[in-house]
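Trainee: My structure file data.pdb, PDB, C-alpha atoms and all ligand atoms, is below:
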```
ATOM      1  CA  SER A 315      18.268   3.806 -15.374
ATOM      2  CA  TYR A 316      17.614   7.270 -13.956
ATOM      3  CA  ASP A 317      20.749   9.274 -14.725
ATOM      4  CA  ARG A 318      22.744   7.447 -12.109
ATOM      5  CA  PRO A 319      25.835   9.652 -12.451
ATOM      6  CA  PHE A 320      23.603  12.621 -11.563
ATOM      7  CA  ILE A 321      22.294  10.865  -8.427
ATOM      8  CA  ASP A 322      25.802   9.854  -7.412
ATOM      9  CA  SER A 323      27.107  13.383  -7.924
ATOM     10  CA  LEU A 324      24.728  14.880  -5.339
ATOM     11  CA  PRO A 325      26.278  15.338  -1.900
ATOM     12  CA  LYS A 326      24.100  13.394   0.511
ATOM     13  CA  ALA A 327      23.809  12.041   4.043
ATOM     14  CA  GLU A 328      23.063   8.416   4.918
ATOM     15  CA  LEU A 329      21.014   8.584   8.127
ATOM     16  CA  HIS A 330      19.356   5.179   8.327
ATOM     17  CA  LEU A 331      21.898   2.460   7.973
ATOM     18  CA  HIS A 332      22.420  -0.425  10.381
ATOM     19  CA  ILE A 333      26.118  -1.181  10.087
ATOM     20  CA  GLU A 334      25.426  -4.855  10.831
ATOM     21  CA  GLY A 335      23.107  -4.786   7.804
ATOM     22  CA  THR A 336      26.032  -3.934   5.522
ATOM     23  CA  LEU A 337      27.622  -7.347   6.118
ATOM     24  CA  GLU A 338      27.889  -8.633   2.543
ATOM     25  CA  PRO A 339      28.056 -12.421   1.990
ATOM     26  CA  GLU A 340      31.712 -12.272   0.905
ATOM     27  CA  LEU A 341      32.777 -10.536   4.115
ATOM     28  CA  LYS A 342      30.531 -12.806   6.182
ATOM     29  CA  LEU A 343      32.351 -15.853   4.785
ATOM     30  CA  ALA A 344      35.765 -14.241   5.245
ATOM     31  CA  LEU A 345      35.054 -13.355   8.881
ATOM     32  CA  ALA A 346      33.607 -16.804   9.550
ATOM     33  CA  ARG A 347      36.887 -18.298   8.310
ATOM     34  CA  ARG A 348      39.035 -15.796  10.204
ATOM     35  CA  ASN A 349      37.215 -16.447  13.488
ATOM     36  CA  GLY A 350      36.597 -20.162  13.027
ATOM     37  CA  VAL A 351      32.824 -19.726  13.239
ATOM     38  CA  ASP A 352      30.765 -22.382  11.494
ATOM     39  CA  ILE A 353      27.852 -20.538   9.897
ATOM     40  CA  GLY A 354      26.639 -23.564   7.959
ATOM     41  CA  GLN A 355      27.330 -22.011   4.546
ATOM     42  CA  SER A 356      30.532 -21.876   2.534
ATOM     43  CA  THR A 357      29.588 -20.092  -0.690
ATOM     44  CA  VAL A 358      28.001 -16.745  -1.485
ATOM     45  CA  GLU A 359      25.123 -18.576  -3.170
ATOM     46  CA  GLN A 360      24.482 -20.608  -0.032
ATOM     47  CA  VAL A 361      24.504 -17.457   2.085
ATOM     48  CA  ARG A 362      22.092 -15.698  -0.253
ATOM     49  CA  ALA A 363      19.771 -18.696  -0.216
ATOM     50  CA  THR A 364      19.173 -18.019   3.506
ATOM     51  CA  TYR A 365      17.908 -14.506   2.659
ATOM     52  CA  ASP A 366      14.350 -15.679   2.564
ATOM     53  CA  PHE A 367      12.113 -13.173   4.332
ATOM     54  CA  THR A 368       8.709 -11.643   3.818
ATOM     55  CA  ASP A 369       8.356  -9.314   6.781
ATOM     56  CA  LEU A 370      10.363  -7.656   9.540
ATOM     57  CA  THR A 371      10.151 -10.643  11.885
ATOM     58  CA  SER A 372      11.410 -13.161   9.322
ATOM     59  CA  PHE A 373      14.154 -10.722   8.292
ATOM     60  CA  LEU A 374      15.345 -10.293  11.880
ATOM     61  CA  ALA A 375      15.440 -14.090  12.259
ATOM     62  CA  VAL A 376      18.124 -14.204   9.535
ATOM     63  CA  TYR A 377      19.817 -10.950  10.511
ATOM     64  CA  TYR A 378      20.799 -11.528  14.150
ATOM     65  CA  PRO A 379      22.319 -15.034  13.760
ATOM     66  CA  ALA A 380      24.515 -13.699  10.936
ATOM     67  CA  MET A 381      26.210 -11.350  13.401
ATOM     68  CA  GLU A 382      27.973 -14.297  15.066
ATOM     69  CA  VAL A 383      30.894 -13.792  12.683
ATOM     70  CA  LEU A 384      31.535 -10.341  14.208
ATOM     71  CA  VAL A 385      33.818 -11.026  17.151
ATOM     72  CA  THR A 386      36.860  -8.777  17.387
ATOM     73  CA  GLU A 387      37.467  -5.044  17.296
ATOM     74  CA  GLN A 388      39.126  -5.599  13.907
ATOM     75  CA  ASP A 389      35.929  -7.234  12.578
ATOM     76  CA  PHE A 390      33.867  -4.150  13.434
ATOM     77  CA  HIS A 391      36.532  -1.924  11.907
ATOM     78  CA  ASP A 392      36.607  -3.941   8.682
ATOM     79  CA  LEU A 393      32.811  -4.047   8.464
ATOM     80  CA  ALA A 394      32.537  -0.282   8.786
ATOM     81  CA  MET A 395      35.420   0.462   6.380
ATOM     82  CA  ALA A 396      33.848  -1.739   3.706
ATOM     83  CA  TYR A 397      30.686   0.320   4.128
ATOM     84  CA  PHE A 398      32.430   3.706   4.085
ATOM     85  CA  GLU A 399      34.120   2.817   0.799
ATOM     86  CA  ARG A 400      30.738   2.102  -0.772
ATOM     87  CA  ALA A 401      29.285   5.256   0.751
ATOM     88  CA  ALA A 402      32.031   7.410  -0.734
ATOM     89  CA  ALA A 403      31.272   5.988  -4.196
ATOM     90  CA  ASP A 404      27.601   6.952  -3.710
ATOM     91  CA  GLY A 405      28.384  10.596  -2.940
ATOM     92  CA  VAL A 406      27.761  10.216   0.796
ATOM     93  CA  VAL A 407      29.580  13.040   2.598
ATOM     94  CA  ARG A 408      27.954  12.386   5.963
ATOM     95  CA  ALA A 409      27.065   8.969   7.412
ATOM     96  CA  GLU A 410      25.349   8.595  10.785
ATOM     97  CA  ILE A 411      25.435   4.853  11.235
ATOM     98  CA  PHE A 412      23.360   2.748  13.618
ATOM     99  CA  PHE A 413      24.867  -0.063  15.635
ATOM    100  CA  ASP A 414      23.169  -2.533  17.980
ATOM    101  CA  PRO A 415      25.441  -3.070  21.005
ATOM    102  CA  GLN A 416      23.072  -5.554  22.658
ATOM    103  CA  ALA A 417      23.244  -7.847  19.625
ATOM    104  CA  HIS A 418      26.945  -8.224  20.447
ATOM    105  CA  THR A 419      27.237  -7.846  24.226
ATOM    106  CA  SER A 420      24.523 -10.512  24.595
ATOM    107  CA  ARG A 421      26.935 -12.902  22.782
ATOM    108  CA  GLY A 422      29.836 -11.977  25.035
ATOM    109  CA  VAL A 423      31.480  -9.423  22.744
ATOM    110  CA  PRO A 424      32.664  -6.487  24.872
ATOM    111  CA  PHE A 425      31.017  -3.116  24.248
ATOM    112  CA  ALA A 426      34.537  -1.679  23.904
ATOM    113  CA  SER A 427      35.392  -3.993  20.975
ATOM    114  CA  VAL A 428      32.323  -2.789  19.085
ATOM    115  CA  VAL A 429      32.797   0.923  19.702
ATOM    116  CA  ASP A 430      36.593   0.947  19.367
ATOM    117  CA  GLY A 431      36.404  -0.926  16.049
ATOM    118  CA  LEU A 432      33.683   1.301  14.644
ATOM    119  CA  TRP A 433      35.371   4.444  15.948
ATOM    120  CA  SER A 434      38.732   3.752  14.302
ATOM    121  CA  ALA A 435      36.821   3.279  11.035
ATOM    122  CA  VAL A 436      34.960   6.567  11.569
ATOM    123  CA  GLN A 437      38.319   8.306  11.837
ATOM    124  CA  GLU A 438      39.750   6.510   8.805
ATOM    125  CA  ALA A 439      36.638   7.408   6.772
ATOM    126  CA  ARG A 440      37.684  11.052   6.752
ATOM    127  CA  GLY A 441      40.387  10.083   4.301
ATOM    128  CA  LEU A 442      37.621   8.916   1.942
ATOM    129  CA  GLY A 443      35.757  12.208   2.247
ATOM    130  CA  VAL A 444      33.069  10.706   4.492
ATOM    131  CA  GLU A 445      32.325  12.447   7.784
ATOM    132  CA  ALA A 446      30.815   9.745   9.972
ATOM    133  CA  ALA A 447      29.123   9.474  13.356
ATOM    134  CA  LEU A 448      27.738   6.652  15.506
ATOM    135  CA  ILE A 449      24.154   6.203  16.726
ATOM    136  CA  MET A 450      23.610   3.481  19.316
ATOM    137  CA  CYS A 451      20.284   1.661  18.987
ATOM    138  CA  PHE A 452      18.516  -0.173  21.762
ATOM    139  CA  LEU A 453      16.768  -3.402  20.822
ATOM    140  CA  ARG A 454      13.106  -2.785  21.590
ATOM    141  CA  ASP A 455      12.330  -6.493  21.981
ATOM    142  CA  HIS A 456      14.843  -6.697  24.838
ATOM    143  CA  SER A 457      14.056  -5.522  28.367
ATOM    144  CA  VAL A 458      14.079  -1.962  29.629
ATOM    145  CA  LYS A 459      16.679  -3.066  32.149
ATOM    146  CA  SER A 460      18.981  -4.229  29.362
ATOM    147  CA  ALA A 461      18.579  -0.855  27.615
ATOM    148  CA  GLU A 462      19.362   0.951  30.892
ATOM    149  CA  GLU A 463      22.491  -1.156  31.349
ATOM    150  CA  THR A 464      23.544  -0.461  27.772
ATOM    151  CA  LEU A 465      23.060   3.273  28.287
ATOM    152  CA  ALA A 466      25.176   3.142  31.467
ATOM    153  CA  THR A 467      27.890   1.138  29.677
ATOM    154  CA  SER A 468      27.969   3.708  26.884
ATOM    155  CA  LEU A 469      28.567   6.757  29.079
ATOM    156  CA  PRO A 470      32.389   6.494  29.139
ATOM    157  CA  TYR A 471      32.171   6.526  25.301
ATOM    158  CA  ARG A 472      29.773   9.469  25.237
ATOM    159  CA  ASP A 473      32.069  11.643  23.093
ATOM    160  CA  ARG A 474      32.174   8.967  20.366
ATOM    161  CA  ILE A 475      28.429   8.364  20.181
ATOM    162  CA  LEU A 476      26.223  11.122  18.836
ATOM    163  CA  GLY A 477      22.778   9.789  19.498
ATOM    164  CA  VAL A 478      20.497   6.911  20.359
ATOM    165  CA  GLY A 479      17.820   5.113  18.379
ATOM    166  CA  LEU A 480      15.410   2.225  18.794
ATOM    167  CA  ASP A 481      15.145  -0.742  16.453
ATOM    168  CA  SER A 482      14.193  -4.432  16.175
ATOM    169  CA  ASP A 483      10.654  -5.784  16.463
ATOM    170  CA  GLU A 484       8.101  -3.030  17.125
ATOM    171  CA  ARG A 485       5.189  -5.372  17.685
ATOM    172  CA  GLY A 486       4.354  -5.375  21.390
ATOM    173  CA  ASN A 487       7.276  -3.015  22.050
ATOM    174  CA  PRO A 488       5.860   0.509  21.727
ATOM    175  CA  PRO A 489       7.996   3.620  22.218
ATOM    176  CA  GLU A 490       6.616   4.382  25.683
ATOM    177  CA  LYS A 491       8.351   1.220  26.932
ATOM    178  CA  PHE A 492      11.629   3.159  26.529
ATOM    179  CA  ALA A 493      10.453   6.664  27.471
ATOM    180  CA  ALA A 494      12.503   6.828  30.679
ATOM    181  CA  VAL A 495      15.620   5.431  28.979
ATOM    182  CA  PHE A 496      15.334   8.051  26.251
ATOM    183  CA  ASP A 497      14.829  10.793  28.863
ATOM    184  CA  ALA A 498      18.056   9.671  30.522
ATOM    185  CA  ALA A 499      19.865   9.486  27.176
ATOM    186  CA  LYS A 500      18.778  13.026  26.347
ATOM    187  CA  GLN A 501      19.976  14.186  29.773
ATOM    188  CA  ALA A 502      23.348  12.615  28.980
ATOM    189  CA  GLY A 503      23.544  14.690  25.807
ATOM    190  CA  TYR A 504      22.551  12.151  23.172
ATOM    191  CA  ARG A 505      20.439  13.184  20.158
ATOM    192  CA  LEU A 506      17.260  11.141  19.722
ATOM    193  CA  THR A 507      15.723   9.197  16.866
ATOM    194  CA  MET A 508      13.463   6.132  16.801
ATOM    195  CA  HIS A 509      12.148   3.618  14.321
ATOM    196  CA  CYS A 510       8.421   3.719  13.583
ATOM    197  CA  ASP A 511       8.282   0.733  11.257
ATOM    198  CA  ILE A 512       5.946   0.437   8.290
ATOM    199  CA  ASP A 513       2.353  -0.772   8.754
ATOM    200  CA  GLN A 514       2.504  -1.728  12.407
ATOM    201  CA  GLU A 515      -0.658  -2.496  14.359
ATOM    202  CA  GLN A 516      -0.327   0.791  16.212
ATOM    203  CA  SER A 517       1.643   2.880  13.740
ATOM    204  CA  ILE A 518      -0.207   6.143  14.346
ATOM    205  CA  ALA A 519      -0.291   5.785  18.119
ATOM    206  CA  ASN A 520       3.449   5.056  18.120
ATOM    207  CA  ILE A 521       4.245   8.015  15.843
ATOM    208  CA  ALA A 522       2.224  10.288  18.146
ATOM    209  CA  THR A 523       4.178   8.954  21.133
ATOM    210  CA  VAL A 524       7.587   9.541  19.582
ATOM    211  CA  LEU A 525       6.590  13.098  18.664
ATOM    212  CA  HIS A 526       4.807  14.040  21.899
ATOM    213  CA  ARG A 527       6.340  11.951  24.657
ATOM    214  CA  ILE A 528       9.821  10.978  23.472
ATOM    215  CA  GLY A 529      10.682  14.185  21.657
ATOM    216  CA  VAL A 530      12.698  12.758  18.779
ATOM    217  CA  GLU A 531      14.291  14.951  16.112
ATOM    218  CA  ARG A 532      13.883  12.297  13.437
ATOM    219  CA  ILE A 533      11.718   9.260  12.749
ATOM    220  CA  ASP A 534      13.183   6.238  10.977
ATOM    221  CA  HIS A 535      10.646   5.036   8.375
ATOM    222  CA  GLY A 536       7.435   6.674   9.722
ATOM    223  CA  THR A 537       5.501   7.075   6.460
ATOM    224  CA  ASN A 538       2.295   5.841   8.151
ATOM    225  CA  ILE A 539       2.073   9.391   9.530
ATOM    226  CA  LEU A 540       0.063  10.125   6.373
ATOM    227  CA  GLU A 541      -2.922   8.450   8.046
ATOM    228  CA  ASP A 542      -3.231  11.434  10.412
ATOM    229  CA  GLY A 543      -3.299  14.882   8.821
ATOM    230  CA  SER A 544      -2.801  16.711  12.100
ATOM    231  CA  LEU A 545       0.406  14.746  12.817
ATOM    232  CA  VAL A 546       1.628  15.505   9.286
ATOM    233  CA  ALA A 547       1.043  19.217   9.904
ATOM    234  CA  GLU A 548       2.820  19.032  13.232
ATOM    235  CA  ALA A 549       5.831  17.149  11.828
ATOM    236  CA  LYS A 550       6.095  19.710   9.038
ATOM    237  CA  GLU A 551       5.854  22.622  11.467
ATOM    238  CA  ARG A 552       8.539  21.125  13.705
ATOM    239  CA  GLY A 553      10.837  20.145  10.838
ATOM    240  CA  ILE A 554      10.927  16.501  11.912
ATOM    241  CA  GLY A 555      13.201  14.446   9.666
ATOM    242  CA  PHE A 556      12.109  11.174   8.057
ATOM    243  CA  THR A 557      14.563   8.517   6.911
ATOM    244  CA  CYS A 558      12.728   6.361   4.376
ATOM    245  CA  CYS A 559      14.075   3.158   2.870
ATOM    246  CA  PRO A 560      12.306   2.114  -0.356
ATOM    247  CA  LEU A 561      14.188  -1.141  -1.002
ATOM    248  CA  SER A 562      13.818  -2.230   2.618
ATOM    249  CA  ASN A 563      10.108  -1.478   2.447
ATOM    250  CA  SER A 564       9.754  -3.703  -0.592
ATOM    251  CA  PHE A 565      11.164  -6.621   1.425
ATOM    252  CA  VAL A 566       9.413  -6.177   4.761
ATOM    253  CA  THR A 567       6.087  -5.118   3.204
ATOM    254  CA  GLU A 568       4.782  -5.839  -0.269
ATOM    255  CA  GLN A 569       5.899  -2.523  -1.776
ATOM    256  CA  MET A 570       8.379   0.352  -1.689
ATOM    257  CA  LYS A 571       5.820   2.760  -0.235
ATOM    258  CA  GLY A 572       7.076   5.112  -2.929
ATOM    259  CA  GLN A 573       3.778   6.968  -3.178
ATOM    260  CA  GLU A 574       3.786   7.673   0.565
ATOM    261  CA  ILE A 575       7.398   8.881   0.514
ATOM    262  CA  THR A 576       6.643  11.112  -2.467
ATOM    263  CA  ASP A 577       3.442  12.504  -0.889
ATOM    264  CA  LEU A 578       5.323  13.539   2.225
ATOM    265  CA  LEU A 579       8.105  15.078   0.152
ATOM    266  CA  ARG A 580       5.600  17.054  -1.939
ATOM    267  CA  GLN A 581       3.851  18.259   1.205
ATOM    268  CA  GLY A 582       7.149  19.826   2.233
ATOM    269  CA  LEU A 583       8.182  17.448   5.003
ATOM    270  CA  LYS A 584      11.872  16.796   5.591
ATOM    271  CA  VAL A 585      11.952  13.402   3.911
ATOM    272  CA  SER A 586      15.220  11.671   3.058
ATOM    273  CA  VAL A 587      16.064   8.347   1.438
ATOM    274  CA  ALA A 588      18.334   5.803   3.093
ATOM    275  CA  SER A 589      19.249   2.145   2.808
ATOM    276  CA  ASP A 590      18.528   0.406   6.168
ATOM    277  CA  ASP A 591      20.242  -3.009   5.679
ATOM    278  CA  PRO A 592      21.718  -2.825   2.182
ATOM    279  CA  ALA A 593      23.479  -6.202   2.174
ATOM    280  CA  TYR A 594      20.066  -7.825   2.676
ATOM    281  CA  PHE A 595      17.751  -5.493   0.764
ATOM    282  CA  GLY A 596      19.723  -5.228  -2.442
ATOM    283  CA  GLY A 597      21.051  -1.703  -2.522
ATOM    284  CA  TYR A 598      22.871   1.224  -0.985
ATOM    285  CA  VAL A 599      21.604   4.795  -0.882
ATOM    286  CA  GLY A 600      22.172   5.534  -4.573
ATOM    287  CA  ASP A 601      20.232   2.388  -5.506
ATOM    288  CA  ASN A 602      17.396   3.453  -3.186
ATOM    289  CA  LEU A 603      17.219   6.944  -4.698
ATOM    290  CA  GLU A 604      17.310   5.489  -8.197
ATOM    291  CA  ALA A 605      14.567   2.935  -7.480
ATOM    292  CA  LEU A 606      12.308   5.589  -5.958
ATOM    293  CA  ALA A 607      12.979   8.112  -8.725
ATOM    294  CA  ILE A 608      12.096   5.559 -11.415
ATOM    295  CA  ALA A 609       8.998   4.194  -9.662
ATOM    296  CA  GLN A 610       7.582   7.636  -8.864
ATOM    297  CA  GLU A 611       8.938   9.453 -11.939
ATOM    298  CA  LEU A 612      10.527  12.041  -9.676
ATOM    299  CA  SER A 613      11.852  15.237 -11.246
ATOM    300  CA  ARG A 614      15.529  16.091 -10.943
ATOM    301  CA  GLU A 615      14.522  18.865  -8.529
ATOM    302  CA  GLU A 616      12.794  16.334  -6.302
ATOM    303  CA  VAL A 617      15.842  14.079  -6.239
ATOM    304  CA  VAL A 618      17.968  17.105  -5.360
ATOM    305  CA  GLN A 619      15.502  17.952  -2.570
ATOM    306  CA  LEU A 620      15.776  14.440  -1.107
ATOM    307  CA  ALA A 621      19.573  14.716  -1.015
ATOM    308  CA  ARG A 622      19.412  18.225   0.422
ATOM    309  CA  ASN A 623      16.922  17.134   3.097
ATOM    310  CA  SER A 624      19.256  14.338   4.171
ATOM    311  CA  LEU A 625      21.989  16.883   4.862
ATOM    312  CA  GLU A 626      19.643  19.382   6.541
ATOM    313  CA  ILE A 627      18.214  16.799   8.963
ATOM    314  CA  SER A 628      21.630  15.325   9.687
ATOM    315  CA  TRP A 629      23.252  16.087  13.013
ATOM    316  CA  ALA A 630      26.383  17.482  11.388
ATOM    317  CA  ASP A 631      27.738  20.885  12.339
ATOM    318  CA  PRO A 632      25.357  23.412  10.670
ATOM    319  CA  GLN A 633      28.319  25.146   9.032
ATOM    320  CA  ARG A 634      29.336  21.877   7.404
ATOM    321  CA  VAL A 635      25.762  21.410   6.185
ATOM    322  CA  ASP A 636      25.727  24.904   4.662
ATOM    323  CA  ALA A 637      28.894  24.062   2.782
ATOM    324  CA  TRP A 638      27.388  20.837   1.380
ATOM    325  CA  VAL A 639      23.940  22.038   0.279
TER
HETATM  326  N1  LIG A 701      13.467  -2.054  11.616
HETATM  327  C1  LIG A 701      13.652  -2.601  12.813
HETATM  328  N2  LIG A 701      14.771  -3.182  13.158
HETATM  329  C2  LIG A 701      15.766  -3.232  12.290
HETATM  330  C3  LIG A 701      15.627  -2.692  11.044
HETATM  331  C4  LIG A 701      14.432  -2.047  10.700
HETATM  332  O1  LIG A 701      14.255  -1.484   9.609
HETATM  333  N3  LIG A 701      16.806  -2.912  10.413
HETATM  334  C5  LIG A 701      17.603  -3.556  11.269
HETATM  335  N4  LIG A 701      16.986  -3.755  12.416
HETATM  336 ZN    ZN A 702      16.156   0.392  10.243
END
```
Could you show the structure in this file as structure tokens?
Mentor:
Amino acid sequence: SYDRPFIDSLPKAELHLHIEGTLEPELKLALARRNGVDIGQSTVEQVRATYDFTDLTSFLAVYYPAMEVLVTEQDFHDLAMAYFERAAADGVVRAEIFFDPQAHTSRGVPFASVVDGLWSAVQEARGLGVEAALIMCFLRDHSVKSAEETLATSLPYRDRILGVGLDSDERGNPPEKFAAVFDAAKQAGYRLTMHCDIDQEQSIANIATVLHRIGVERIDHGTNILEDGSLVAEAKERGIGFTCCPLSNSFVTEQMKGQEITDLLRQGLKVSVASDDPAYFGGYVGDNLEALAIAQELSREEVVQLARNSLEISWADPQRVDAWV
């Protein structure tokens, strides 16, 4: 292993983590029992046997049905606290976690249950030394109208939600579909990020759109930017942050994309490493840093730079960032 205590000792931010993707099989079974939801599996082995995916679409087909066990405010609280405990052990001092309200409101779970449960966990996380924040993602394979309604529903909770993102299936759902929703979100004071998933049919066109039309501060994944040198130069100039997820990449594509992540890092872009859906992809942020460091033979300085970048591109108070780096 690559000096894991050293990796864990580095203060770091987790900036690309879907809280629903931290639902470990043990908690899934416990919540299924607590809520009387029949998920069709009763052992951890049976749950893991359903984790059979080869790309983003087949992953999402397992991922969304699993959320049925999340029903009450307490469930969302417990899910997030289980994550924050793991994050603290990994040296995470700042966690900006994604949640997908539409994946819950579409099942009849009130928006308030989701946000109130996550928010009480955010407050409790301070006691673990983790400063946390919430980023609401719109599901890009749902309608624009549904995103608009979700944005409107969120406004009374504006002071508990730091930013908005865009996730789910990118194919056929390019960023310009949500340009007006993101304009409105920015007007309302939300920070902006978006997924540009790996190896999409229109990866470069979509990355250009998020940089030029949407005006994001960060791109989630986004390593296909390497295919266009002028976009790389622009992203570097503007200090755009990248949240790259090696273990996730190895599930939804055939490889970690470690060379691409390392190339961008060595070209001086603000690249960070994150864990996406760790309960499904086999590791939290420390595991992702370790896997990348081993595969690419990164120097200790490069691992330090990845951790430092994560803090610098976080949306924490700049004075807090200065104290961490
Ligand atoms: N991409 C798109 N949607 C997602 C992802 C992702 O990496 N993780 C959870 N939902
Ligand atoms: Zn993601």
Trainee: Could you list, as number ranges by chain, every residue within 7 Å of Ile627 in chain A, counting only C-alpha atoms and ignoring same-chain residues fewer than 3 positions away?
Mentor: A: 555, 623-624
Trainee: For a test of reading the model, state the distance in Å between atom O1 of ligand LIG 701 (chain A) and CA of Ala396 in chain A, rounded to one decimal.
Mentor: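 CA of Ala396 in chain A lies at a distance of 20.5 Å from atom O1 of ligand LIG 701 (chain A).
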Trainee: Applying the PyMOL selection byres (((chain A and resi 587-601) around 7) and not hetatm) to the file I just gave you, which residues come out? Please list them as a PyMOL selection string.
Mentor: chain A and resi 321-322+328-332+335-338+404+557-559+561-562+565+585-586+602-605+620
Trainee: Counting only C-alpha atoms, what is within 8 Å of Asp483 in chain A, bar same-chain residues fewer than 6 positions away, as a list in words?
Mentor: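 Close residues of Asp483 in chain A: Leu370, Thr371, Leu374, Leu453, Arg454 and Asp455 of chain A.
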Trainee: Can you pull out the residues contacting Gly479 in chain A? Cut-off 10 Å, using only C-alpha atoms, and skip same-chain residues under 4 positions away; I want them as a VMD selection string.
Mentor: chain A and resid 412 to 414 449 to 454 496 504 to 509 530 532 to 534
Trainee: Show me, as a PyMOL selection string, the residues that have an atom within 8 Å of Val444 in chain A when counting all atoms listed in the file, minus same-chain residues fewer than 2 positions from it.
Mentor: chain A and resi 398+401-402+406-409+439-442+446
Trainee: Quick one: residues within 12 Å of Ala519 in chain A, all atoms listed in the file counted, chain neighbours fewer than 6 positions away excluded, as a PyMOL selection string?
Mentor: chain A and resi 488-490+510+513+525-527+536+538-539+541-542+545
